[in-house]
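> As input, take work.txt (compact mmCIF, C-alpha atoms):
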# COMPACT_ATOMS: atom_id res chain seq x y z
CA MET A 11 0.00 0.00 0.00
CA ARG A 12 1.34 3.42 -0.89
CA CYS A 13 2.05 6.14 1.65
CA GLY A 14 0.54 9.59 1.34
CA ALA A 15 -3.09 10.63 1.40
CA ALA A 16 -5.24 10.63 -1.72
CA ASP A 17 -7.53 13.62 -2.19
CA GLY A 18 -10.27 13.59 0.44
CA ALA A 19 -8.80 10.58 2.24
CA ARG A 20 -9.17 10.40 6.02
CA GLY A 21 -8.95 7.88 8.80
CA TRP A 22 -11.48 5.06 8.94
CA ARG A 23 -12.99 6.40 12.16
CA ARG A 24 -14.08 9.70 10.63
CA ALA A 25 -15.07 8.09 7.35
CA THR A 26 -17.19 5.43 9.08
CA GLU A 27 -18.89 7.96 11.34
CA GLU A 28 -20.22 9.88 8.34
CA ALA A 29 -20.95 6.79 6.26
CA LEU A 30 -23.06 5.17 9.00
CA TYR A 31 -24.57 8.09 10.90
CA GLY A 32 -24.33 11.16 8.66
CA PRO A 33 -27.43 12.72 7.03
CA SER A 34 -27.40 10.08 4.28
CA GLY A 35 -25.79 7.38 6.41
CA PHE A 36 -26.45 3.68 6.23
CA TYR A 37 -28.21 3.52 9.61
CA ARG A 38 -30.62 6.29 8.65
CA ARG A 39 -32.01 4.31 5.71
CA PRO A 40 -35.67 3.28 6.09
CA GLU A 41 -35.12 -0.49 5.91
CA GLY A 42 -32.84 -0.45 8.96
CA PRO A 43 -30.17 -3.04 9.77
CA ALA A 44 -32.58 -5.96 9.33
CA GLY A 45 -32.65 -5.25 5.61
CA HIS A 46 -28.96 -6.10 5.33
CA PHE A 47 -27.90 -8.64 7.95
CA ARG A 48 -29.33 -11.16 10.39
CA THR A 49 -28.71 -10.81 14.12
CA SER A 50 -29.74 -12.99 17.06
CA VAL A 51 -32.76 -10.70 17.49
CA HIS A 52 -33.98 -11.52 14.00
CA ALA A 53 -33.07 -15.20 14.16
CA SER A 54 -35.62 -16.20 16.80
CA PRO A 55 -38.01 -14.82 19.43
CA LEU A 56 -36.17 -17.16 21.83
CA PHE A 57 -33.45 -14.51 22.08
CA ALA A 58 -35.83 -11.82 23.33
CA GLY A 59 -37.37 -14.34 25.70
CA ALA A 60 -33.93 -15.06 27.17
CA VAL A 61 -33.24 -11.35 27.58
CA ALA A 62 -36.61 -10.97 29.31
CA ARG A 63 -35.66 -13.75 31.74
CA LEU A 64 -32.35 -12.01 32.34
CA LEU A 65 -34.20 -8.78 33.10
CA GLY A 66 -36.21 -10.76 35.65
CA LEU A 67 -32.99 -11.91 37.33
CA VAL A 68 -31.75 -8.31 37.45
CA ASP A 69 -35.11 -7.27 38.90
CA GLU A 70 -34.69 -9.80 41.73
CA ALA A 71 -31.12 -8.67 42.39
CA LEU A 72 -32.34 -5.08 42.64
CA GLY A 73 -35.08 -6.01 45.11
CA ARG A 74 -37.92 -5.41 42.63
CA PRO A 75 -37.77 -1.58 42.39
CA ALA A 76 -40.87 0.47 41.67
CA GLU A 77 -39.43 1.26 38.23
CA LEU A 78 -37.30 -1.24 36.35
CA ALA A 79 -35.37 -0.02 33.30
CA PHE A 80 -34.59 -1.95 30.14
CA VAL A 81 -32.19 0.02 27.95
CA ASP A 82 -31.59 -1.29 24.42
CA MET A 83 -28.38 0.23 23.05
CA GLY A 84 -28.20 0.50 19.27
CA ALA A 85 -31.86 -0.45 19.06
CA GLY A 86 -32.17 -0.56 15.27
CA ARG A 87 -35.88 -0.26 14.65
CA GLY A 88 -36.85 -1.34 18.17
CA GLU A 89 -37.24 -5.05 17.42
CA LEU A 90 -35.54 -6.32 20.58
CA VAL A 91 -36.97 -3.86 23.08
CA GLY A 92 -40.51 -4.41 21.77
CA ALA A 93 -40.15 -8.19 21.90
CA VAL A 94 -38.74 -8.09 25.43
CA LEU A 95 -41.71 -6.05 26.64
CA GLU A 96 -44.07 -8.61 25.11
CA ALA A 97 -42.19 -11.50 26.74
CA LEU A 98 -42.25 -10.09 30.29
CA PRO A 99 -44.76 -11.31 32.86
CA ALA A 100 -47.57 -8.78 33.29
CA GLY A 101 -46.49 -7.73 36.77
CA THR A 102 -42.92 -7.06 35.68
CA ALA A 103 -44.00 -5.32 32.48
CA SER A 104 -46.17 -2.91 34.46
CA ARG A 105 -43.08 -1.69 36.34
CA THR A 106 -40.73 -1.67 33.35
CA ARG A 107 -39.62 1.51 31.64
CA ALA A 108 -38.26 0.67 28.21
CA TYR A 109 -35.71 2.80 26.40
CA ALA A 110 -34.47 2.41 22.82
CA VAL A 111 -31.17 4.22 22.28
CA GLU A 112 -30.62 4.89 18.59
CA ARG A 113 -29.36 7.74 16.42
CA ALA A 114 -31.88 7.11 13.62
CA ALA A 115 -35.39 8.54 13.82
CA ARG A 116 -38.11 6.77 15.80
CA PRO A 117 -39.91 4.30 13.50
CA ALA A 118 -43.62 4.67 12.90
CA GLY A 119 -45.89 2.36 14.85
CA LEU A 120 -43.44 1.64 17.67
CA ASP A 121 -44.98 0.61 20.99
CA PRO A 122 -45.78 3.90 22.80
CA ARG A 123 -44.37 2.46 26.02
CA ILE A 124 -40.88 2.70 24.52
CA SER A 125 -38.93 5.94 24.98
CA TRP A 126 -36.73 6.71 21.94
CA LEU A 127 -33.48 8.46 22.88
CA PRO A 128 -30.17 9.39 21.18
CA GLU A 129 -28.24 8.69 24.41
CA PRO A 130 -28.87 6.29 27.31
CA PRO A 131 -30.89 7.63 30.26
CA GLN A 132 -28.89 8.48 33.35
CA GLY A 133 -29.15 6.92 36.79
CA VAL A 134 -31.75 4.26 36.01
CA GLU A 135 -31.90 0.83 37.68
CA GLY A 136 -32.18 -2.25 35.53
CA LEU A 137 -30.59 -3.92 32.51
CA LEU A 138 -28.64 -2.15 29.77
CA PHE A 139 -28.29 -4.49 26.79
CA ALA A 140 -26.05 -3.67 23.83
CA ASN A 141 -26.53 -6.28 21.11
CA GLU A 142 -24.13 -5.71 18.19
CA TRP A 143 -23.67 -2.06 19.15
CA LEU A 144 -19.96 -1.80 19.87
CA ASP A 145 -18.95 -3.22 16.49
CA ASN A 146 -20.50 -0.15 14.88
CA VAL A 147 -18.71 2.35 17.11
CA PRO A 148 -16.25 3.70 14.50
CA VAL A 149 -12.54 3.04 14.99
CA ASP A 150 -9.34 3.86 13.17
CA VAL A 151 -7.36 1.17 11.38
CA VAL A 152 -3.56 0.96 11.42
CA GLU A 153 -1.16 -1.02 9.25
CA VAL A 154 2.54 -1.77 9.57
CA ASP A 155 4.60 -0.34 6.70
CA ALA A 156 7.72 -1.76 5.05
CA ARG A 157 9.93 -0.27 7.78
CA GLY A 158 7.91 -1.88 10.56
CA VAL A 159 6.15 1.35 11.55
CA PRO A 160 2.39 1.18 12.34
CA ARG A 161 0.64 3.93 10.36
CA VAL A 162 -2.92 5.19 10.28
CA VAL A 163 -4.83 3.81 7.28
CA LEU A 164 -6.54 6.53 5.26
CA VAL A 165 -9.52 5.85 3.01
CA ALA A 166 -11.13 7.74 0.15
CA ALA A 167 -14.85 7.82 -0.56
CA ASP A 168 -14.51 4.97 -3.07
CA GLY A 169 -12.75 2.73 -0.54
CA THR A 170 -9.21 3.23 -1.85
CA GLU A 171 -6.73 3.05 1.03
CA SER A 172 -3.35 4.67 1.66
CA LEU A 173 -1.02 4.97 4.63
CA GLY A 174 -0.89 8.18 6.64
CA GLU A 175 1.10 9.31 9.64
CA PRO A 176 2.60 6.93 12.21
CA VAL A 177 0.18 6.09 14.98
CA ALA A 178 0.99 8.05 18.13
CA GLY A 179 -0.22 9.15 21.54
CA ALA A 180 -3.13 7.38 23.22
CA ASP A 181 -3.77 5.17 20.18
CA ALA A 182 -0.18 3.94 20.21
CA ARG A 183 -0.43 3.20 23.92
CA TRP A 184 -3.68 1.28 23.37
CA LEU A 185 -2.05 -0.83 20.66
CA ALA A 186 0.95 -1.58 22.84
CA ARG A 187 -1.35 -2.76 25.65
CA TRP A 188 -4.07 -4.57 23.73
CA TRP A 189 -2.96 -5.34 20.17
CA PRO A 190 0.84 -5.24 19.66
CA LEU A 191 1.64 -5.32 15.95
CA THR A 192 4.71 -7.52 16.00
CA ALA A 193 5.43 -10.58 13.93
CA SER A 194 5.93 -13.93 15.62
CA PRO A 195 9.51 -15.27 15.65
CA SER A 196 8.57 -17.85 13.00
CA ALA A 197 6.93 -15.38 10.63
CA GLU A 198 8.79 -15.29 7.30
CA ALA A 199 7.30 -12.05 6.02
CA GLY A 200 7.92 -10.03 9.17
CA ALA A 201 5.41 -7.51 10.47
CA GLU A 202 4.75 -5.59 7.24
CA GLY A 203 1.06 -5.61 6.36
CA LEU A 204 -0.18 -6.52 9.83
CA ARG A 205 -3.30 -4.54 10.70
CA ALA A 206 -5.34 -3.69 13.77
CA GLU A 207 -8.44 -1.74 14.66
CA VAL A 208 -7.76 0.73 17.49
CA GLY A 209 -10.56 -0.04 19.95
CA ARG A 210 -10.07 2.96 22.23
CA PRO A 211 -13.35 4.70 21.16
CA ARG A 212 -15.23 1.50 21.98
CA ASP A 213 -13.66 1.30 25.42
CA ALA A 214 -14.81 4.87 26.07
CA ALA A 215 -18.30 4.25 24.68
CA TRP A 216 -18.75 1.17 26.87
CA LYS A 217 -17.46 2.95 29.96
CA ALA A 218 -19.98 5.76 29.39
CA ALA A 219 -22.85 3.32 28.83
CA VAL A 220 -22.04 1.44 32.04
CA ALA A 221 -21.76 4.74 33.94
CA SER A 222 -25.31 5.64 32.89
CA LEU A 223 -26.67 2.91 35.17
CA GLY A 224 -27.43 3.79 38.76
CA ARG A 225 -27.58 0.08 39.63
CA GLY A 226 -28.07 -3.03 37.59
CA LEU A 227 -26.31 -4.99 34.87
CA ALA A 228 -24.79 -3.86 31.58
CA ILE A 229 -24.19 -6.43 28.84
CA ALA A 230 -22.45 -6.08 25.50
CA VAL A 231 -23.01 -8.87 22.98
CA ASP A 232 -20.79 -8.88 19.91
CA TYR A 233 -18.47 -10.88 17.73
CA GLY A 234 -15.01 -10.28 19.06
CA HIS A 235 -11.57 -11.56 19.94
CA GLY A 236 -9.25 -11.75 22.93
CA ALA A 237 -5.66 -10.77 23.52
CA GLY A 238 -4.43 -14.27 22.80
CA ALA A 239 -6.08 -14.50 19.40
CA ARG A 240 -6.10 -11.11 17.65
CA PRO A 241 -6.64 -11.48 13.88
CA PRO A 242 -3.33 -10.55 12.20
CA TYR A 243 -4.90 -8.53 9.40
CA GLY A 244 -7.84 -7.00 11.24
CA THR A 245 -11.53 -7.61 10.66
CA LEU A 246 -12.88 -4.47 8.98
CA THR A 247 -15.59 -5.41 6.49
CA GLY A 248 -18.89 -4.35 4.98
CA PHE A 249 -22.38 -5.85 4.64
CA ARG A 250 -25.01 -5.06 2.05
CA GLU A 251 -28.31 -6.88 1.43
CA GLY A 252 -27.28 -9.93 3.42
CA ARG A 253 -23.86 -10.34 1.82
CA GLU A 254 -20.39 -9.49 3.02
CA THR A 255 -18.77 -6.90 0.82
CA ALA A 256 -15.78 -4.59 0.67
CA PRO A 257 -16.13 -1.73 3.15
CA VAL A 258 -16.74 1.48 1.19
CA PRO A 259 -17.52 4.60 3.27
CA ASP A 260 -20.19 6.05 1.00
CA GLY A 261 -23.32 5.13 2.99
CA SER A 262 -24.18 2.16 0.76
CA CYS A 263 -23.18 -0.58 3.22
CA ASP A 264 -22.68 -1.35 6.87
CA ILE A 265 -19.08 -0.96 8.04
CA THR A 266 -18.13 -3.11 10.98
CA ALA A 267 -15.19 -4.68 12.78
CA HIS A 268 -14.95 -7.27 15.53
CA VAL A 269 -14.63 -6.00 19.10
CA ALA A 270 -11.75 -6.41 21.53
CA LEU A 271 -14.19 -7.12 24.36
CA ASP A 272 -11.41 -7.79 26.86
CA ALA A 273 -10.14 -4.24 26.33
CA CYS A 274 -13.63 -2.81 26.85
CA ALA A 275 -14.19 -4.66 30.13
CA LEU A 276 -14.14 -2.71 33.38
CA PRO A 277 -13.08 -4.12 36.77
CA GLY A 278 -15.59 -6.71 37.95
CA GLY A 279 -16.71 -7.66 34.47
CA ARG A 280 -16.58 -11.14 32.98
CA LEU A 281 -16.62 -12.66 29.53
CA LEU A 282 -18.45 -15.72 28.27
CA GLY A 283 -19.78 -17.05 25.01
CA GLN A 284 -23.35 -16.70 23.78
CA ARG A 285 -23.85 -20.45 23.81
CA GLU A 286 -23.06 -20.60 27.52
CA ALA A 287 -25.05 -17.48 28.35
CA LEU A 288 -28.20 -18.54 26.50
CA ARG A 289 -28.09 -22.07 27.86
CA ALA A 290 -27.99 -20.57 31.36
CA LEU A 291 -31.14 -18.65 30.40
CA GLY A 292 -32.97 -21.74 29.19
CA VAL A 293 -32.23 -21.63 25.46
CA ARG A 294 -31.12 -25.11 24.42
CA GLY A 295 -31.00 -26.85 21.07
CA ASP A 296 -32.02 -30.30 22.39
CA ARG A 297 -34.47 -32.17 20.18
CA PRO A 298 -37.81 -33.06 21.81
CA PRO A 299 -38.39 -36.75 22.63
CA LEU A 300 -39.74 -38.71 19.68
CA SER A 301 -42.50 -40.11 21.88
CA LEU A 302 -44.09 -36.64 21.90
CA ALA A 303 -44.75 -36.99 18.16
CA SER A 304 -47.25 -39.78 18.80
CA THR A 305 -48.92 -38.31 21.89
CA ASP A 306 -49.09 -34.65 20.78
CA PRO A 307 -47.94 -34.13 17.16
CA ALA A 308 -48.60 -30.37 17.19
CA ALA A 309 -46.56 -29.89 20.34
CA TYR A 310 -43.78 -32.00 18.85
CA VAL A 311 -43.65 -29.81 15.72
CA ARG A 312 -43.54 -26.64 17.86
CA ALA A 313 -40.82 -28.08 20.09
CA LEU A 314 -38.81 -29.20 17.07
CA ALA A 315 -39.01 -25.72 15.52
CA GLY A 316 -37.94 -24.17 18.82
CA ALA A 317 -35.01 -26.56 19.09
CA GLY A 318 -33.90 -25.56 15.59
CA GLU A 319 -34.02 -21.88 16.46
CA ALA A 320 -32.15 -22.48 19.72
CA ALA A 321 -29.53 -24.46 17.84
CA GLU A 322 -28.97 -21.52 15.47
CA LEU A 323 -28.58 -19.08 18.36
CA THR A 324 -26.05 -21.30 20.13
CA ALA A 325 -24.25 -22.94 17.19
CA PRO A 326 -20.43 -23.04 17.28
CA GLY A 327 -19.06 -21.27 14.23
CA GLY A 328 -22.12 -19.03 14.12
CA LEU A 329 -24.16 -16.95 16.54
CA GLY A 330 -23.05 -19.15 19.43
CA ASP A 331 -19.54 -17.74 19.09
CA PHE A 332 -20.63 -14.21 20.00
CA GLY A 333 -19.04 -12.89 23.16
CA TRP A 334 -21.00 -11.57 26.14
CA LEU A 335 -19.37 -8.96 28.38
CA LEU A 336 -21.22 -8.69 31.70
CA GLN A 337 -20.67 -5.65 33.90
CA PRO A 338 -22.60 -5.56 37.21
CA VAL A 339 -23.19 -2.12 38.73
CA GLY A 340 -23.96 -2.11 42.43
CA ILE A 341 -25.31 -5.69 42.45
CA ALA A 342 -23.90 -9.19 42.29
CA ASP A 343 -23.71 -10.71 38.83
CA PRO A 344 -27.12 -12.42 38.51
CA LEU A 345 -26.45 -14.69 35.52
CA PRO A 346 -25.96 -18.31 36.67
CA ALA A 347 -23.20 -19.21 34.23
CA GLY A 348 -19.46 -19.69 34.18
CA GLY A 349 -17.11 -17.58 32.12
CA ARG A 350 -13.74 -16.11 32.78
CA PRO A 351 -12.97 -12.84 34.54
CA ALA A 352 -12.39 -10.01 32.11
CA HIS A 353 -9.09 -9.05 33.77
Kindly present the structure from the file in structure tokens form.

Amino acid sequence: MRCGAADGARGWRRATEEALYGPSGFYRRPEGPAGHFRTSVHASPLFAGAVARLLGLVDEALGRPAELAFVDMGAGRGELVGAVLEALPAGTASRTRAYAVERAARPAGLDPRISWLPEPPQGVEGLLFANEWLDNVPVDVVEVDARGVPRVVLVAADGTESLGEPVAGADARWLARWWPLTASPSAEAGAEGLRAEVGRPRDAAWKAAVASLGRGLAIAVDYGHGAGARPPYGTLTGFREGRETAPVPDGSCDITAHVALDACALPGGRLLGQREALRALGVRGDRPPLSLASTDPAAYVRALAGAGEAAELTAPGGLGDFGWLLQPVGIADPLPAGGRPAH
């Protein structure tokens, strides 16, 4: 890749910010994210049911407050928050204040019980749930040049990349701590061409989201990686109409990159996989007993369909590989699952 900026080229963070959230940005388009990619929310109502059960656990840990908050970060068109409200027991739903946090305009016909906000509410008690939000917090990309120097990757409107200035300051310190760009001793090609996404803006965004809670639990769910397994050439990519595509910052596609969830984690947080988390919340892909087919065929068909949906949500190599970052605020972690400490 050549050094020196092309006309109009800028870092990926600035370019992505405008391409996703500017006046003509991807996330302001009427079809919303569901028109371009499939998330756990869209895969099955079992996901919203699990989140509703988790909200119930948080409610118990909080001592059943008079007002229980459910905050959906990066709410899309409100699919998850609406489904969670519908899945709650009537008594819990009557105390629940639902918030959808999204930079796009409020969609028509949304449940009037849902407050639509550009930023999370402050000081509430309950569950803050960020499903595939952090991966769309824009970040800069760096690449190691022929001399072994990590440089900021610049991008033009058509997606053409070039190398800019050496990475410095807080970004350089973040890389040194969380994503060192050094070749392994056995690497024949050296470090040239190695890439990383500088996750510092995501760390700050997560810290601010967690700080918005007075008490409760904050959870980030995303595809990510840990310090022991950073992808050597980064993960920046695009999605358009259900297909992965080259990332072009012109508003025509989603631009996303995997999340260094371990870097985002605050003291007291823990990391686990979606498969483990959902199984702890009752979502399992076990097939129903064949005997049910003869005693209650309709129930068997329903159970079989549910098992298929659960299997998709928890499948290794797919949605089951998503990471969950749990951050309790003023309560004990209420999710009855394992997982490793974040630090």
> Counting all atoms listed in the file, what is within 8 Å of Leu72 of chain A, bar same-chain residues fewer than 5 positions away, as a list in words?
Glu135, Gly136, Arg225, Gly226 and Ile341 of chain A
> Let me make sure I understand: among A:Val163, A:Ala19, A:Ala60, A:Ala218, which one has the smallest atom-to-atom distance to Ala287 of chain A if we use only C-alpha atoms?
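Of the candidates, the smallest distance to Ala287 of chain A is held by A:Ala60.
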> Between A:Leu90, A:Thr170, A:Gly35, A:Ala219, single out the one closest to Arg113 of chain A, counting all atoms listed in the file.
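For Arg113 of chain A, the nearest of the given residues is A:Gly35.
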> Which residues are near Val149 of chain A? Cut-off 10 Å, only C-alpha atoms, ignore same chain within fewer than 5 positions. Put them as a list of chain:residue names.
A:Gly21, A:Trp22, A:Arg23, A:Arg24, A:Ala25, A:Thr26, A:Glu27, A:Ala206, A:Glu207, A:Val208, A:Gly209, A:Arg210, A:Pro211, A:Arg212, A:Leu246, A:Thr266, A:Ala267
> Restricting the calculation to all atoms listed in the file, which member of A:Leu144, A:Ala93, A:Ala167, A:Val152 is positioned closest to Ala62 of chain A?
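Selected residue with least distance to Ala62 of chain A: A:Ala93.
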> Record the distance separating atom CA of Leu173 of chain A and atom CA of Glu142 of chain A, expressed in Å with one decimal.
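These two atoms are separated by 28.8 Å.
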> Please report the interatomic distance between atom CA of Cys274 of chain A and atom CA of Val220 of chain A in Å with one decimal.
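If I compute the distance from atom CA of Cys274 of chain A to atom CA of Val220 of chain A, I get 10.8 Å.
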> Suppose you want the space between atom CA of Ala237 of chain A and atom CA of Trp189 of chain A; what is it in Å?
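Computing it gives 6.9 Å between the two atoms.
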> Excluding Gly283 of chain A and residues on its chain fewer than 3 positions from it, collect all residues at most 6 Å away from it, counting only C-alpha atoms, and give them as a list in words.
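Counting only C-alpha atoms, the residues come to Glu286, Asp331, Phe332, Gly333 and Trp334 of chain A.
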> Please return, as a list of chain:residue names, all polymer residues that have at least one atom within 8 Å of the point (-0.9, -8.8, 6.5); use only C-alpha atoms and the file's own coordinate frame.
A:Ala201, A:Glu202, A:Gly203, A:Leu204, A:Arg205, A:Pro242, A:Tyr243
> Applying 6 Å and only C-alpha atoms, which residues near Phe139 of chain A remain after dropping the ones on its own chain fewer than 4 positions away? List them as number ranges by chain.
A: 82, 228-229
> Would you please work out which residue, of A:Trp143, A:Trp184, A:Phe36, A:Phe80, is nearest to Asp260 of chain A when using all atoms listed in the file?
A:Phe36
> Could you check the closest approach to Leu98 of chain A for each of A:Arg74, A:Arg63, A:Arg39, A:Arg285 and tell me which residue wins, using all atoms listed in the file?
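Smallest separation from Leu98 of chain A among the options: A:Arg63.
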> Please provide as a PyMOL selection string all residues within 10 Å of Pro131 of chain A, with the sequence filter that same-chain residues fewer than 5 positions apart are discarded (counting only C-alpha atoms).
chain A and resi 79+81+109-111+125+219+222-224
> Nearest to Pro338 of chain A: which of A:Ala239, A:Pro99, A:Ala221, A:Pro326 is it, counting all atoms listed in the file?
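Residue with the minimum atom-to-atom distance to Pro338 of chain A: A:Ala221.
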> Mind listing as a compact mmCIF listing (two decimals) with C-alpha atoms, in the coordinates of the input all residues within 12 Å of (-36.7, -7.9, 35.7), counting all atoms listed in the file?

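As a result, out.txt now contains:
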# COMPACT_ATOMS: atom_id res chain seq x y z
CA GLY A 59 -37.37 -14.34 25.70
CA ALA A 60 -33.93 -15.06 27.17
CA VAL A 61 -33.24 -11.35 27.58
CA ALA A 62 -36.61 -10.97 29.31
CA ARG A 63 -35.66 -13.75 31.74
CA LEU A 64 -32.35 -12.01 32.34
CA LEU A 65 -34.20 -8.78 33.10
CA GLY A 66 -36.21 -10.76 35.65
CA LEU A 67 -32.99 -11.91 37.33
CA VAL A 68 -31.75 -8.31 37.45
CA ASP A 69 -35.11 -7.27 38.90
CA GLU A 70 -34.69 -9.80 41.73
CA ALA A 71 -31.12 -8.67 42.39
CA LEU A 72 -32.34 -5.08 42.64
CA GLY A 73 -35.08 -6.01 45.11
CA ARG A 74 -37.92 -5.41 42.63
CA PRO A 75 -37.77 -1.58 42.39
CA ALA A 76 -40.87 0.47 41.67
CA GLU A 77 -39.43 1.26 38.23
CA LEU A 78 -37.30 -1.24 36.35
CA ALA A 79 -35.37 -0.02 33.30
CA PHE A 80 -34.59 -1.95 30.14
CA VAL A 81 -32.19 0.02 27.95
CA VAL A 94 -38.74 -8.09 25.43
CA LEU A 95 -41.71 -6.05 26.64
CA ALA A 97 -42.19 -11.50 26.74
CA LEU A 98 -42.25 -10.09 30.29
CA PRO A 99 -44.76 -11.31 32.86
CA ALA A 100 -47.57 -8.78 33.29
CA GLY A 101 -46.49 -7.73 36.77
CA THR A 102 -42.92 -7.06 35.68
CA ALA A 103 -44.00 -5.32 32.48
CA SER A 104 -46.17 -2.91 34.46
CA ARG A 105 -43.08 -1.69 36.34
CA THR A 106 -40.73 -1.67 33.35
CA ARG A 107 -39.62 1.51 31.64
CA ALA A 108 -38.26 0.67 28.21
CA GLU A 135 -31.90 0.83 37.68
CA GLY A 136 -32.18 -2.25 35.53
CA LEU A 137 -30.59 -3.92 32.51
CA LEU A 138 -28.64 -2.15 29.77
CA GLY A 226 -28.07 -3.03 37.59
CA LEU A 227 -26.31 -4.99 34.87
CA PRO A 344 -27.12 -12.42 38.51
